[in-house]
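For reference, query.txt (compact mmCIF, C-alpha atoms):
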```txt
# COMPACT_ATOMS: atom_id res chain seq x y z
CA MET A 26 13.57 36.89 -10.40
CA GLN A 27 11.43 36.25 -13.47
CA SER A 28 9.95 32.81 -13.99
CA HIS A 29 12.03 32.18 -17.11
CA GLN A 30 15.14 32.92 -15.06
CA PHE A 31 14.06 30.26 -12.59
CA GLU A 32 13.52 27.90 -15.48
CA ASN A 33 16.93 28.64 -16.93
CA ARG A 34 18.59 28.01 -13.63
CA PHE A 35 16.60 24.81 -13.24
CA GLN A 36 17.69 23.57 -16.66
CA GLN A 37 21.30 24.48 -15.87
CA LYS A 38 21.15 22.29 -12.79
CA ILE A 39 19.71 19.44 -14.84
CA ASP A 40 22.40 19.86 -17.49
CA ALA A 41 25.07 19.83 -14.79
CA GLU A 42 23.63 16.53 -13.48
CA THR A 43 22.61 18.12 -10.18
CA LYS A 44 19.67 16.19 -8.70
CA ILE A 45 16.46 18.07 -7.99
CA GLU A 46 15.21 17.68 -4.42
CA PRO A 47 11.67 18.16 -3.08
CA LYS A 48 12.14 21.69 -1.71
CA ASP A 49 13.98 23.00 -4.80
CA TRP A 50 12.16 25.19 -7.27
CA MET A 51 10.87 23.24 -10.27
CA PRO A 52 8.58 24.06 -13.21
CA ASP A 53 4.95 23.05 -12.68
CA ALA A 54 5.06 20.82 -15.73
CA TYR A 55 8.08 18.95 -14.34
CA ARG A 56 6.22 18.38 -11.08
CA LYS A 57 3.08 17.28 -12.92
CA THR A 58 4.93 14.90 -15.20
CA LEU A 59 6.70 13.34 -12.25
CA ILE A 60 3.52 12.95 -10.21
CA ARG A 61 1.87 11.19 -13.12
CA GLN A 62 4.81 8.98 -13.96
CA ILE A 63 5.78 8.02 -10.40
CA SER A 64 2.19 7.34 -9.36
CA GLN A 65 1.57 5.19 -12.44
CA HIS A 66 4.75 3.37 -11.65
CA ALA A 67 3.60 2.85 -8.05
CA HIS A 68 0.19 1.63 -9.21
CA SER A 69 1.91 -0.82 -11.56
CA GLU A 70 3.80 -2.36 -8.65
CA ILE A 71 0.60 -2.74 -6.65
CA VAL A 72 -1.65 -4.00 -9.47
CA GLY A 73 1.26 -6.21 -10.57
CA MET A 74 0.79 -8.20 -7.38
CA LEU A 75 -2.61 -9.43 -8.59
CA PRO A 76 -1.70 -11.69 -11.55
CA GLU A 77 1.00 -13.33 -9.44
CA GLY A 78 -1.00 -13.50 -6.26
CA ASN A 79 -3.35 -15.70 -8.23
CA TRP A 80 -0.69 -18.45 -8.16
CA ILE A 81 0.59 -18.26 -4.58
CA SER A 82 -1.84 -20.92 -3.41
CA ARG A 83 -1.21 -23.07 -6.50
CA ALA A 84 2.57 -22.96 -6.70
CA PRO A 85 3.86 -26.50 -7.33
CA SER A 86 6.00 -26.80 -4.20
CA LEU A 87 6.46 -25.20 -0.79
CA LYS A 88 9.75 -23.70 -1.99
CA ARG A 89 8.13 -22.10 -5.03
CA LYS A 90 5.31 -20.85 -2.87
CA ALA A 91 7.64 -19.21 -0.35
CA ILE A 92 9.63 -17.59 -3.17
CA LEU A 93 6.55 -16.26 -4.93
CA LEU A 94 5.20 -14.92 -1.65
CA ALA A 95 8.48 -13.08 -1.03
CA LYS A 96 8.40 -11.67 -4.53
CA VAL A 97 4.85 -10.38 -4.20
CA GLN A 98 5.78 -8.81 -0.84
CA ASP A 99 8.66 -7.07 -2.59
CA GLU A 100 6.25 -5.59 -5.11
CA ALA A 101 4.17 -4.15 -2.28
CA GLY A 102 7.35 -2.61 -0.87
CA HIS A 103 8.26 -1.17 -4.25
CA GLY A 104 4.81 0.37 -4.47
CA LEU A 105 5.39 2.05 -1.12
CA TYR A 106 8.83 3.43 -2.04
CA LEU A 107 7.26 5.00 -5.10
CA TYR A 108 4.15 6.32 -3.36
CA SER A 109 6.48 7.98 -0.84
CA ALA A 110 8.58 9.52 -3.60
CA CYS A 111 5.39 10.78 -5.23
CA GLU A 112 4.23 12.30 -1.98
CA THR A 113 7.34 14.49 -1.76
CA LEU A 114 5.94 16.37 -4.77
CA GLY A 115 3.01 17.57 -2.72
CA ILE A 116 0.19 15.17 -3.54
CA ALA A 117 -1.61 13.35 -0.73
CA ARG A 118 -1.43 9.57 -0.59
CA GLU A 119 -5.23 9.26 -0.44
CA GLU A 120 -5.56 11.26 -3.63
CA THR A 121 -3.08 9.05 -5.46
CA ILE A 122 -4.85 5.89 -4.36
CA ASN A 123 -8.27 7.32 -5.17
CA ASP A 124 -7.09 8.16 -8.68
CA LEU A 125 -6.18 4.51 -9.21
CA HIS A 126 -9.47 3.24 -7.84
CA SER A 127 -11.55 5.69 -9.86
CA GLY A 128 -9.79 4.65 -13.06
CA LYS A 129 -8.34 8.12 -13.57
CA ALA A 130 -4.75 7.01 -13.06
CA LYS A 131 -3.21 4.31 -15.21
CA TYR A 132 -0.85 1.42 -14.50
CA SER A 133 1.24 -0.67 -16.84
CA SER A 134 -1.05 -2.43 -19.31
CA ILE A 135 0.88 -5.67 -19.02
CA PHE A 136 -0.97 -6.47 -15.81
CA ASN A 137 -4.25 -6.62 -17.67
CA TYR A 138 -3.28 -9.98 -19.15
CA PRO A 139 -4.30 -13.18 -17.34
CA THR A 140 -1.96 -15.76 -15.77
CA LEU A 141 -3.35 -19.02 -17.12
CA THR A 142 -0.71 -21.54 -16.11
CA TRP A 143 2.21 -21.85 -13.70
CA ALA A 144 4.56 -21.19 -16.59
CA ASP A 145 3.09 -17.68 -16.80
CA ILE A 146 4.69 -16.90 -13.45
CA GLY A 147 8.03 -17.85 -14.99
CA ALA A 148 7.35 -15.78 -18.09
CA ILE A 149 6.36 -12.76 -16.00
CA GLY A 150 9.57 -12.95 -14.01
CA TRP A 151 11.76 -13.40 -17.05
CA LEU A 152 10.05 -11.10 -19.55
CA VAL A 153 7.90 -8.61 -17.65
CA ASP A 154 10.34 -8.05 -14.81
CA GLY A 155 13.17 -8.17 -17.32
CA ALA A 156 11.60 -5.35 -19.32
CA ALA A 157 10.81 -3.40 -16.16
CA ILE A 158 14.40 -3.72 -14.94
CA LEU A 159 15.81 -2.13 -18.10
CA ASN A 160 13.53 0.83 -17.52
CA GLN A 161 14.29 0.96 -13.83
CA VAL A 162 18.06 0.77 -14.22
CA MET A 163 17.81 3.83 -16.44
CA LEU A 164 15.60 5.56 -13.86
CA CYS A 165 18.26 5.13 -11.16
CA ARG A 166 19.86 8.14 -12.85
CA THR A 167 16.65 10.16 -13.21
CA SER A 168 16.92 13.85 -12.29
CA TYR A 169 14.50 13.84 -9.35
CA GLY A 170 16.35 12.73 -6.21
CA PRO A 171 13.60 10.84 -4.32
CA TYR A 172 12.59 8.96 -7.50
CA ALA A 173 16.19 8.01 -8.24
CA ARG A 174 16.75 6.78 -4.69
CA ALA A 175 13.56 4.70 -4.76
CA MET A 176 14.76 3.18 -8.02
CA VAL A 177 18.15 2.23 -6.63
CA ARG A 178 16.43 0.42 -3.79
CA ILE A 179 14.04 -1.31 -6.18
CA CYS A 180 16.74 -2.41 -8.60
CA LYS A 181 18.68 -4.06 -5.80
CA GLU A 182 15.68 -6.24 -5.04
CA GLU A 183 14.37 -6.74 -8.54
CA SER A 184 17.14 -8.89 -9.96
CA PHE A 185 16.03 -11.84 -7.87
CA HIS A 186 12.62 -11.52 -9.49
CA GLN A 187 13.94 -11.98 -12.97
CA ARG A 188 16.14 -14.90 -11.96
CA GLN A 189 13.33 -16.73 -10.18
CA GLY A 190 11.22 -16.39 -13.34
CA PHE A 191 13.96 -17.74 -15.55
CA ASP A 192 14.53 -20.54 -13.07
CA ILE A 193 10.87 -21.59 -13.31
CA LEU A 194 11.03 -21.67 -17.12
CA LEU A 195 14.36 -23.48 -17.13
CA THR A 196 12.93 -26.20 -14.91
CA LEU A 197 9.87 -26.57 -17.14
CA SER A 198 12.05 -26.60 -20.28
CA ASN A 199 13.90 -29.62 -18.89
CA GLY A 200 10.68 -31.37 -17.94
CA THR A 201 8.08 -33.52 -19.67
CA GLU A 202 6.64 -32.78 -23.10
CA ALA A 203 3.58 -31.24 -21.47
CA GLN A 204 5.78 -28.98 -19.35
CA LYS A 205 7.81 -27.89 -22.37
CA THR A 206 4.62 -27.08 -24.25
CA MET A 207 3.37 -25.08 -21.29
CA CYS A 208 6.65 -23.17 -21.17
CA GLN A 209 6.55 -22.28 -24.87
CA ASP A 210 2.90 -21.32 -24.65
CA ALA A 211 3.58 -18.86 -21.84
CA ILE A 212 6.46 -17.29 -23.76
CA ASN A 213 4.23 -16.99 -26.82
CA ARG A 214 1.54 -15.14 -24.91
CA TRP A 215 3.83 -12.82 -22.89
CA TRP A 216 6.40 -11.87 -25.52
CA TRP A 217 4.47 -9.24 -27.46
CA PRO A 218 2.81 -7.56 -24.48
CA SER A 219 6.28 -7.35 -22.89
CA LEU A 220 7.60 -5.50 -25.95
CA MET A 221 4.67 -3.10 -25.68
CA MET A 222 5.71 -2.22 -22.12
CA PHE A 223 8.32 0.16 -23.53
CA GLY A 224 5.60 2.31 -25.12
CA PRO A 225 5.06 3.51 -28.70
CA LYS A 226 7.82 3.84 -31.26
CA ASP A 227 10.03 6.90 -31.12
CA SER A 228 8.95 7.83 -34.65
CA GLU A 229 5.36 8.30 -33.47
CA SER A 230 6.46 11.31 -31.50
CA THR A 231 6.11 14.75 -33.03
CA ASN A 232 6.78 16.92 -30.01
CA SER A 233 10.24 17.66 -28.76
CA ASP A 234 10.86 15.35 -25.93
CA GLN A 235 10.61 17.19 -22.66
CA SER A 236 11.18 14.14 -20.47
CA MET A 237 14.57 13.58 -22.06
CA LYS A 238 15.48 17.25 -21.78
CA TRP A 239 14.61 17.19 -18.08
CA LYS A 240 16.51 13.92 -17.75
CA ILE A 241 13.53 12.22 -16.19
CA LYS A 242 14.15 9.66 -18.92
CA ARG A 243 17.56 8.97 -20.39
CA LYS A 244 16.86 6.44 -23.10
CA THR A 245 14.14 6.36 -25.70
CA ASN A 246 11.46 3.68 -25.93
CA ASP A 247 13.06 2.11 -28.98
CA GLU A 248 16.53 2.05 -27.45
CA LEU A 249 15.25 0.20 -24.41
CA ARG A 250 13.10 -2.14 -26.51
CA GLN A 251 16.05 -3.04 -28.73
CA GLN A 252 18.20 -3.72 -25.68
CA PHE A 253 15.47 -6.02 -24.38
CA VAL A 254 15.09 -7.93 -27.65
CA ASP A 255 18.87 -8.43 -27.92
CA MET A 256 18.97 -9.77 -24.40
CA CYS A 257 16.01 -12.14 -24.69
CA ALA A 258 16.92 -13.46 -28.13
CA GLU A 259 20.09 -14.91 -26.58
CA GLN A 260 18.56 -16.06 -23.29
CA VAL A 261 15.73 -17.95 -24.99
CA LYS A 262 18.32 -20.26 -26.54
CA VAL A 263 19.32 -21.44 -23.08
CA LEU A 264 15.71 -22.46 -22.57
CA ASN A 265 15.63 -24.29 -25.89
CA MET A 266 12.49 -22.34 -26.68
CA VAL A 267 11.73 -19.77 -29.38
CA LEU A 268 10.35 -16.25 -29.35
CA PRO A 269 7.09 -16.05 -31.33
CA ASP A 270 8.44 -13.77 -34.05
CA LYS A 271 9.34 -15.12 -37.49
CA ASP A 272 11.07 -11.86 -38.38
CA LEU A 273 13.48 -12.10 -35.50
CA GLN A 274 17.04 -12.37 -36.78
CA TRP A 275 20.52 -11.08 -36.10
CA ASN A 276 21.49 -8.07 -38.19
CA ALA A 277 25.28 -8.00 -38.47
CA ALA A 278 25.30 -4.50 -39.95
CA ARG A 279 23.36 -3.02 -37.04
CA GLN A 280 24.86 -5.38 -34.48
CA HIS A 281 21.33 -5.84 -33.17
CA TYR A 282 18.45 -8.23 -33.65
CA ASP A 283 15.78 -7.18 -36.14
CA PHE A 284 12.27 -7.99 -34.99
CA GLY A 285 8.71 -7.93 -36.29
CA GLY A 286 6.03 -5.25 -36.02
CA ILE A 287 4.03 -4.73 -32.86
CA ASP A 288 0.23 -4.69 -32.89
CA TRP A 289 -0.36 -1.17 -31.58
CA ASN A 290 -4.12 -1.49 -31.86
CA GLU A 291 -3.96 -4.12 -29.19
CA PHE A 292 -1.79 -1.86 -27.06
CA TRP A 293 -4.17 1.10 -27.20
CA ASN A 294 -7.15 -1.14 -26.65
CA VAL A 295 -5.68 -2.45 -23.42
CA VAL A 296 -4.64 1.04 -22.31
CA LYS A 297 -8.19 2.18 -22.87
CA GLY A 298 -9.58 -0.45 -20.57
CA ASN A 299 -10.52 -3.19 -23.01
CA GLY A 300 -7.81 -5.67 -22.11
CA PRO A 301 -8.66 -9.16 -20.88
CA CYS A 302 -8.47 -8.26 -17.18
CA ASN A 303 -8.79 -4.47 -16.78
CA LYS A 304 -12.11 -4.59 -14.96
CA GLU A 305 -11.12 -7.54 -12.83
CA ARG A 306 -7.88 -5.87 -11.69
CA LEU A 307 -9.52 -2.63 -10.66
CA ALA A 308 -12.36 -4.46 -8.96
CA ALA A 309 -9.83 -6.55 -7.01
CA ARG A 310 -7.94 -3.41 -5.94
CA ARG A 311 -11.12 -1.67 -4.80
CA LYS A 312 -12.33 -4.74 -2.95
CA ALA A 313 -9.00 -5.15 -1.16
CA HIS A 314 -9.10 -1.50 -0.13
CA ASP A 315 -12.72 -1.65 1.04
CA ASP A 316 -12.31 -4.97 2.83
CA GLY A 317 -9.26 -3.55 4.59
CA ALA A 318 -11.17 -0.59 5.99
CA TRP A 319 -11.75 -2.29 9.35
CA VAL A 320 -8.01 -2.91 9.72
CA ARG A 321 -7.25 0.75 9.18
CA GLU A 322 -9.98 1.75 11.62
CA ALA A 323 -8.74 -0.73 14.21
CA ALA A 324 -5.17 0.55 13.90
CA ALA A 325 -6.32 4.12 14.40
CA ALA A 326 -8.47 3.13 17.41
CA TYR A 327 -5.58 1.18 18.91
CA ALA A 328 -3.20 4.12 18.46
CA ALA A 329 -5.72 6.43 20.14
CA LYS A 330 -6.16 4.01 23.03
CA ARG A 331 -2.42 3.67 23.51
CA ALA A 332 -1.93 7.44 23.44
CA ASN A 333 -4.70 7.81 26.00
CA LYS A 334 -3.10 5.30 28.36
CA GLN A 335 0.20 7.11 28.17
CA GLU A 336 -1.50 10.38 29.04
CA ILE A 337 -3.13 8.84 32.08
CA LYS A 338 0.20 7.38 33.17
CA ALA A 339 1.91 10.73 32.74
CA ALA A 340 -0.75 12.53 34.75
CA MET B 8 -3.94 7.70 -35.13
CA GLN B 9 -4.70 10.73 -33.09
CA GLN B 10 -3.24 9.42 -29.89
CA PHE B 11 0.25 9.61 -31.31
CA ILE B 12 0.73 13.28 -30.70
CA ARG B 13 3.43 12.88 -28.14
CA LYS B 14 5.59 10.19 -26.70
CA PHE B 15 4.45 8.03 -23.83
CA TYR B 16 6.78 5.97 -21.79
CA TYR B 17 6.49 2.75 -19.95
CA GLY B 18 4.52 3.52 -16.82
CA ASP B 19 3.59 6.93 -18.12
CA ILE B 20 0.27 7.12 -19.90
CA PRO B 21 -1.26 10.60 -19.87
CA ASP B 22 -4.68 11.26 -18.39
CA ASP B 23 -6.23 12.49 -21.61
CA ILE B 24 -6.19 9.12 -23.32
CA SER B 25 -7.21 6.97 -20.41
CA GLY B 26 -10.24 5.05 -21.52
CA GLU B 27 -11.77 3.69 -18.35
CA GLY B 28 -14.91 5.63 -17.52
CA LEU B 29 -14.11 8.24 -14.92
CA LYS B 30 -16.19 7.35 -11.93
CA PRO B 31 -16.26 9.75 -9.03
CA ALA B 32 -13.52 8.93 -6.57
CA GLN B 33 -14.73 6.57 -3.89
CA THR B 34 -13.43 8.37 -0.90
CA GLY B 35 -15.40 6.94 2.01
CA GLU B 36 -12.23 7.26 4.12
CA SER B 37 -12.88 7.71 7.78
CA ALA B 38 -11.48 10.79 9.43
CA GLU B 39 -9.03 8.70 11.47
CA GLU B 40 -7.62 7.10 8.39
CA ALA B 41 -7.02 10.34 6.57
CA SER B 42 -5.13 11.61 9.57
CA TRP B 43 -2.55 8.82 9.78
CA PRO B 44 0.63 10.83 10.00
CA LEU B 45 3.69 10.52 7.78
CA TRP B 46 6.89 9.21 9.37
CA GLU B 47 10.48 9.48 8.23
CA VAL B 48 12.44 6.27 8.68
CA PHE B 49 16.10 6.08 9.67
CA ILE B 50 17.98 2.78 9.66
CA ARG B 51 21.24 1.75 11.27
CA SER B 52 22.55 -0.89 8.92
CA LYS B 53 25.16 -2.26 11.28
CA GLN B 54 26.24 -1.75 14.86
CA GLY B 55 28.72 1.14 14.95
CA LEU B 56 27.31 3.04 12.00
CA ASP B 57 25.02 6.09 11.91
CA HIS B 58 21.31 5.85 11.33
CA LYS B 59 20.63 6.89 7.77
CA HIS B 60 17.44 8.15 6.16
CA ALA B 61 15.77 5.27 4.32
CA GLY B 62 12.37 6.66 3.30
CA SER B 63 8.97 7.41 4.70
CA LEU B 64 5.63 5.77 5.41
CA HIS B 65 2.24 6.36 6.98
CA ALA B 66 1.26 4.74 10.25
CA ALA B 67 -1.21 5.31 13.06
CA ASP B 68 1.46 5.64 15.76
CA ALA B 69 5.20 5.31 16.39
CA GLN B 70 5.09 1.63 17.32
CA MET B 71 3.24 0.70 14.13
CA ALA B 72 5.54 2.96 12.13
CA ILE B 73 8.53 0.99 13.42
CA GLU B 74 6.85 -2.32 12.61
CA ASN B 75 5.92 -1.16 9.12
CA ALA B 76 9.45 0.16 8.58
CA ARG B 77 10.80 -3.25 9.52
CA ASP B 78 8.53 -4.90 6.95
CA VAL B 79 9.31 -2.42 4.22
CA TYR B 80 12.93 -1.39 4.68
CA THR B 81 14.64 -4.39 6.30
CA ARG B 82 13.32 -7.40 4.36
CA ARG B 83 16.91 -8.39 3.55
CA ASN B 84 18.61 -7.70 6.88
CA GLU B 85 19.36 -4.10 5.98
CA GLY B 86 19.11 -2.93 9.55
CA VAL B 87 19.77 -3.58 13.24
CA SER B 88 18.03 -0.47 14.55
CA ILE B 89 15.19 1.76 13.36
CA TRP B 90 14.29 5.34 14.21
CA VAL B 91 11.03 6.90 13.13
CA VAL B 92 10.26 10.61 13.38
CA GLU B 93 6.98 12.20 12.48
CA SER B 94 7.76 14.16 9.33
CA LYS B 95 6.17 17.35 10.64
CA TYR B 96 8.88 17.59 13.31
CA ILE B 97 11.70 17.79 10.79
CA HIS B 98 13.01 21.27 10.14
CA ALA B 99 15.19 21.84 7.13
CA SER B 100 17.42 24.55 5.74
CA ASN B 101 16.06 26.41 2.76
CA PRO B 102 17.63 25.40 -0.58
CA ASP B 103 17.01 28.90 -1.95
CA ASP B 104 19.37 30.31 0.67
CA ALA B 105 22.01 27.66 0.09
CA GLU B 106 24.48 30.00 -1.57
CA SER B 107 24.71 32.53 1.23
CA PHE B 108 24.00 30.01 3.96
CA TYR B 109 27.06 27.88 3.23
CA GLU B 110 29.20 30.72 1.93
CA PRO B 111 31.14 31.29 5.20
CA ALA B 112 32.87 27.92 4.77
CA SER B 113 33.92 28.33 1.20
CA ASP B 114 36.91 30.67 1.70
CA LYS B 115 38.50 28.75 4.56
CA VAL B 116 40.71 26.35 2.70
CA TYR B 117 43.09 26.28 5.65
CA ARG B 118 40.60 24.01 7.39
CA HIS B 119 41.75 21.19 5.15
CA PRO B 120 44.98 19.32 5.82
CA THR B 121 45.97 19.58 2.15
CA PHE B 122 46.39 23.36 2.63
CA TYR B 123 49.68 22.82 4.45
CA GLU B 124 52.87 21.95 2.65
CA LEU B 125 55.17 19.89 4.77
CA PRO B 126 58.78 18.91 4.13
CA GLU B 127 59.31 15.37 2.90
CA ALA B 128 61.05 14.53 6.16
CA VAL B 129 57.81 14.82 8.09
CA ARG B 130 55.92 11.69 7.34
CA ASN B 131 52.54 10.53 8.43
CA MET B 132 51.26 13.75 9.92
```
Here is the file; what I need is its structure written in the form of structure tokens.
Amino acid sequence: MQSHQFENRFQQKIDAETKIEPKDWMPDAYRKTLIRQISQHAHSEIVGMLPEGNWISRAPSLKRKAILLAKVQDEAGHGLYLYSACETLGIAREETINDLHSGKAKYSSIFNYPTLTWADIGAIGWLVDGAAILNQVMLCRTSYGPYARAMVRICKEESFHQRQGFDILLTLSNGTEAQKTMCQDAINRWWWPSLMMFGPKDSESTNSDQSMKWKIKRKTNDELRQQFVDMCAEQVKVLNMVLPDKDLQWNAARQHYDFGGIDWNEFWNVVKGNGPCNKERLAARRKAHDDGAWVREAAAAYAAKRANKQEIKAA
Amino acid sequence: MQQFIRKFYYGDIPDDISGEGLKPAQTGESAEEASWPLWEVFIRSKQGLDHKHAGSLHAADAQMAIENARDVYTRRNEGVSIWVVESKYIHASNPDDAESFYEPASDKVYRHPTFYELPEAVRNM
């Protein structure tokens, strides 16, 4: 069979909503796109633990601390589901991790912003996890089987994350003046970076969109972003807070909220490594990996010792 | 701007516009570490049900694989029993042969109860 025949058959399967599984034939570009996207997604889960981890020891109560700890553990789990899905495409785990640590692979830019107050943990849960969930719900129907299955698992766990964030903000919004100010300040700082999470505007694209054709993605950046704005514009009222956008208003004709322009220079700057915390995040990741070397060595030594004992017993 | 030549998605920023200086990968992994095998994890969600494939992970040996699987796949009481199998021991049918491989079953409709038409009088058979 010619390669274009393979490709035709592949596209027919996609069009018929048949999932692609690891051993199935797939175009190299499909594999490459998935490896990049899934690994970046995995890295985002892992690096995403850092801004929140910063507050585990400072959470205002034992309950909040236990909840935050559970949430950060979840993120580690999500990273693993995704790394495993990525591995089914034929790339070694070490290589994926090395690409993150060398700066070659990217992760979501949102995690390059600092968490200055406790309210930031609330804003991350509500806005950042909220934005991520919209993307992830869509990805539950992605065409690559292992990725879709990882997403289903993640989505099941993720909704608690968004609720705990909203719960933090709701508590602050019913608190003292200082707490209300803190709440609004966190929303102000996280709102725009959260909107940037969906990526550039659809109109900035000139190429035909391969990811949509392959059904890796099923909604465009702008569709998801609009969905997010519509959702948050209503929810913020419950908090008695405002979103920091003077152009935000309901458009009855479109049946959607209109919203202001995004500062794309800031976005590209952070992507390129000039965000407030890029260097710190990568340094923390590398340090954690290096400092953990003895644990990995000990585990390997212990496994060898145990295997040895069993051999002696068997003899 | 020149970067806008194609569309990038959330969590999907192409290599060619990554800005961070590309330092050589810090491997430094010990030989033991690189050789941690991959394990497939199967979970029984409830007594009486089959074990079902949940995912995979790396671990130094079976015992640690089971412990890691507990931490990763049963954080919300999803399981009462865990199996782990080293991935290299799993043999699978070839998807390219699927058509001919499963063909023998496709013309045997009489294996299904719906193939048989029964008189109304016979109920619950």
Q) Mind listing as number ranges by chain which residues of chain A are within 7 Å of chain B, counting all atoms listed in the file? A) A: 48-49, 61-62, 65-66, 102, 109, 123-124, 127-133, 222-225, 229-232, 246, 296-298, 321-322, 324-325, 328
Okay, now the selection with C-alpha atoms, as a JSON list (two decimals), in the coordinates of the input?
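Output contents, as saved in result-v6.json:
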```json
[["chain", "number", "residue", "atom", "x", "y", "z"],
["A", 48, "LYS", "CA", 12.14, 21.69, -1.71],
["A", 49, "ASP", "CA", 13.98, 23.00, -4.80],
["A", 61, "ARG", "CA", 1.87, 11.19, -13.12],
["A", 62, "GLN", "CA", 4.81, 8.98, -13.96],
["A", 65, "GLN", "CA", 1.57, 5.19, -12.44],
["A", 66, "HIS", "CA", 4.75, 3.37, -11.65],
["A", 102, "GLY", "CA", 7.35, -2.61, -0.87],
["A", 109, "SER", "CA", 6.48, 7.98, -0.84],
["A", 123, "ASN", "CA", -8.27, 7.32, -5.17],
["A", 124, "ASP", "CA", -7.09, 8.16, -8.68],
["A", 127, "SER", "CA", -11.55, 5.69, -9.86],
["A", 128, "GLY", "CA", -9.79, 4.65, -13.06],
["A", 129, "LYS", "CA", -8.34, 8.12, -13.57],
["A", 130, "ALA", "CA", -4.75, 7.01, -13.06],
["A", 131, "LYS", "CA", -3.21, 4.31, -15.21],
["A", 132, "TYR", "CA", -0.85, 1.42, -14.50],
["A", 133, "SER", "CA", 1.24, -0.67, -16.84],
["A", 222, "MET", "CA", 5.71, -2.22, -22.12],
["A", 223, "PHE", "CA", 8.32, 0.16, -23.53],
["A", 224, "GLY", "CA", 5.60, 2.31, -25.12],
["A", 225, "PRO", "CA", 5.06, 3.51, -28.70],
["A", 229, "GLU", "CA", 5.36, 8.30, -33.47],
["A", 230, "SER", "CA", 6.46, 11.31, -31.50],
["A", 231, "THR", "CA", 6.11, 14.75, -33.03],
["A", 232, "ASN", "CA", 6.78, 16.92, -30.01],
["A", 246, "ASN", "CA", 11.46, 3.68, -25.93],
["A", 296, "VAL", "CA", -4.64, 1.04, -22.31],
["A", 297, "LYS", "CA", -8.19, 2.18, -22.87],
["A", 298, "GLY", "CA", -9.58, -0.45, -20.57],
["A", 321, "ARG", "CA", -7.25, 0.75, 9.18],
["A", 322, "GLU", "CA", -9.98, 1.75, 11.62],
["A", 324, "ALA", "CA", -5.17, 0.55, 13.90],
["A", 325, "ALA", "CA", -6.32, 4.12, 14.40],
["A", 328, "ALA", "CA", -3.20, 4.12, 18.46]]
```
**Q.** Given only C-alpha atoms as the counted atoms, nearest of B:Glu47, B:Tyr96, B:His119, B:Ser52 to Asn75 (chain B)
**A.**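 With only C-alpha atoms as the atom set, the closest residue is B:Glu47.
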Q: Would you mind telling me which residue in B:Leu56, B:Ala76, B:Val48, B:Met132 lies nearest to Pro120 (chain B) when using only C-alpha atoms?
A: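 Distance minimum relative to Pro120 (chain B) lands on B:Met132.
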Q: Please provide as a list in words all residues within 9 Å of Asp272 (chain A), with the sequence filter that same-chain residues fewer than 4 positions apart are discarded (counting all atoms listed in the file).
A: Asp283, Phe284, Gly285 and Gly286 of chain A
Output file for the residues above (C-alpha atoms, as a PDB file, keeping the file's coordinate frame):
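Output (selection_10.pdb):
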```pdb
ATOM      1  CA  ASP A 283      15.780  -7.180 -36.140  1.00  0.00           C
ATOM      2  CA  PHE A 284      12.270  -7.990 -34.990  1.00  0.00           C
ATOM      3  CA  GLY A 285       8.710  -7.930 -36.290  1.00  0.00           C
ATOM      4  CA  GLY A 286       6.030  -5.250 -36.020  1.00  0.00           C
TER       5      GLY A 286
END
```
Draw an axis-aligned box over all listed atoms of region 97-109 of chain B, pad each side with 3 Å, and write its centre and edge lengths in Å, one decimal, as AutoDock Vina command-line options.
```
--center_x 19.4 --center_y 25.2 --center_z 4.4 --size_x 21.4 --size_y 20.7 --size_z 18.7
```
Q) If you count all atoms listed in the file, which residues fall within 12 Å of Ile179 (chain A), apart from same-chain ones fewer than 4 positions away, as a PyMOL selection string? A) (chain A and resi 66-67+70+96+99-107+154+157-158+160-162+164-165+172-175+183-186) or (chain B and resi 79-80)
**Q.** One-decimal distance in Å that lies between CA of Ala313 (chain A) and CA of Ala332 (chain A)
**A.** 28.5 Å
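When CA of Glu85 (chain B) is paired with CA of Gln54 (chain B), their separation reads 11.5 Å.
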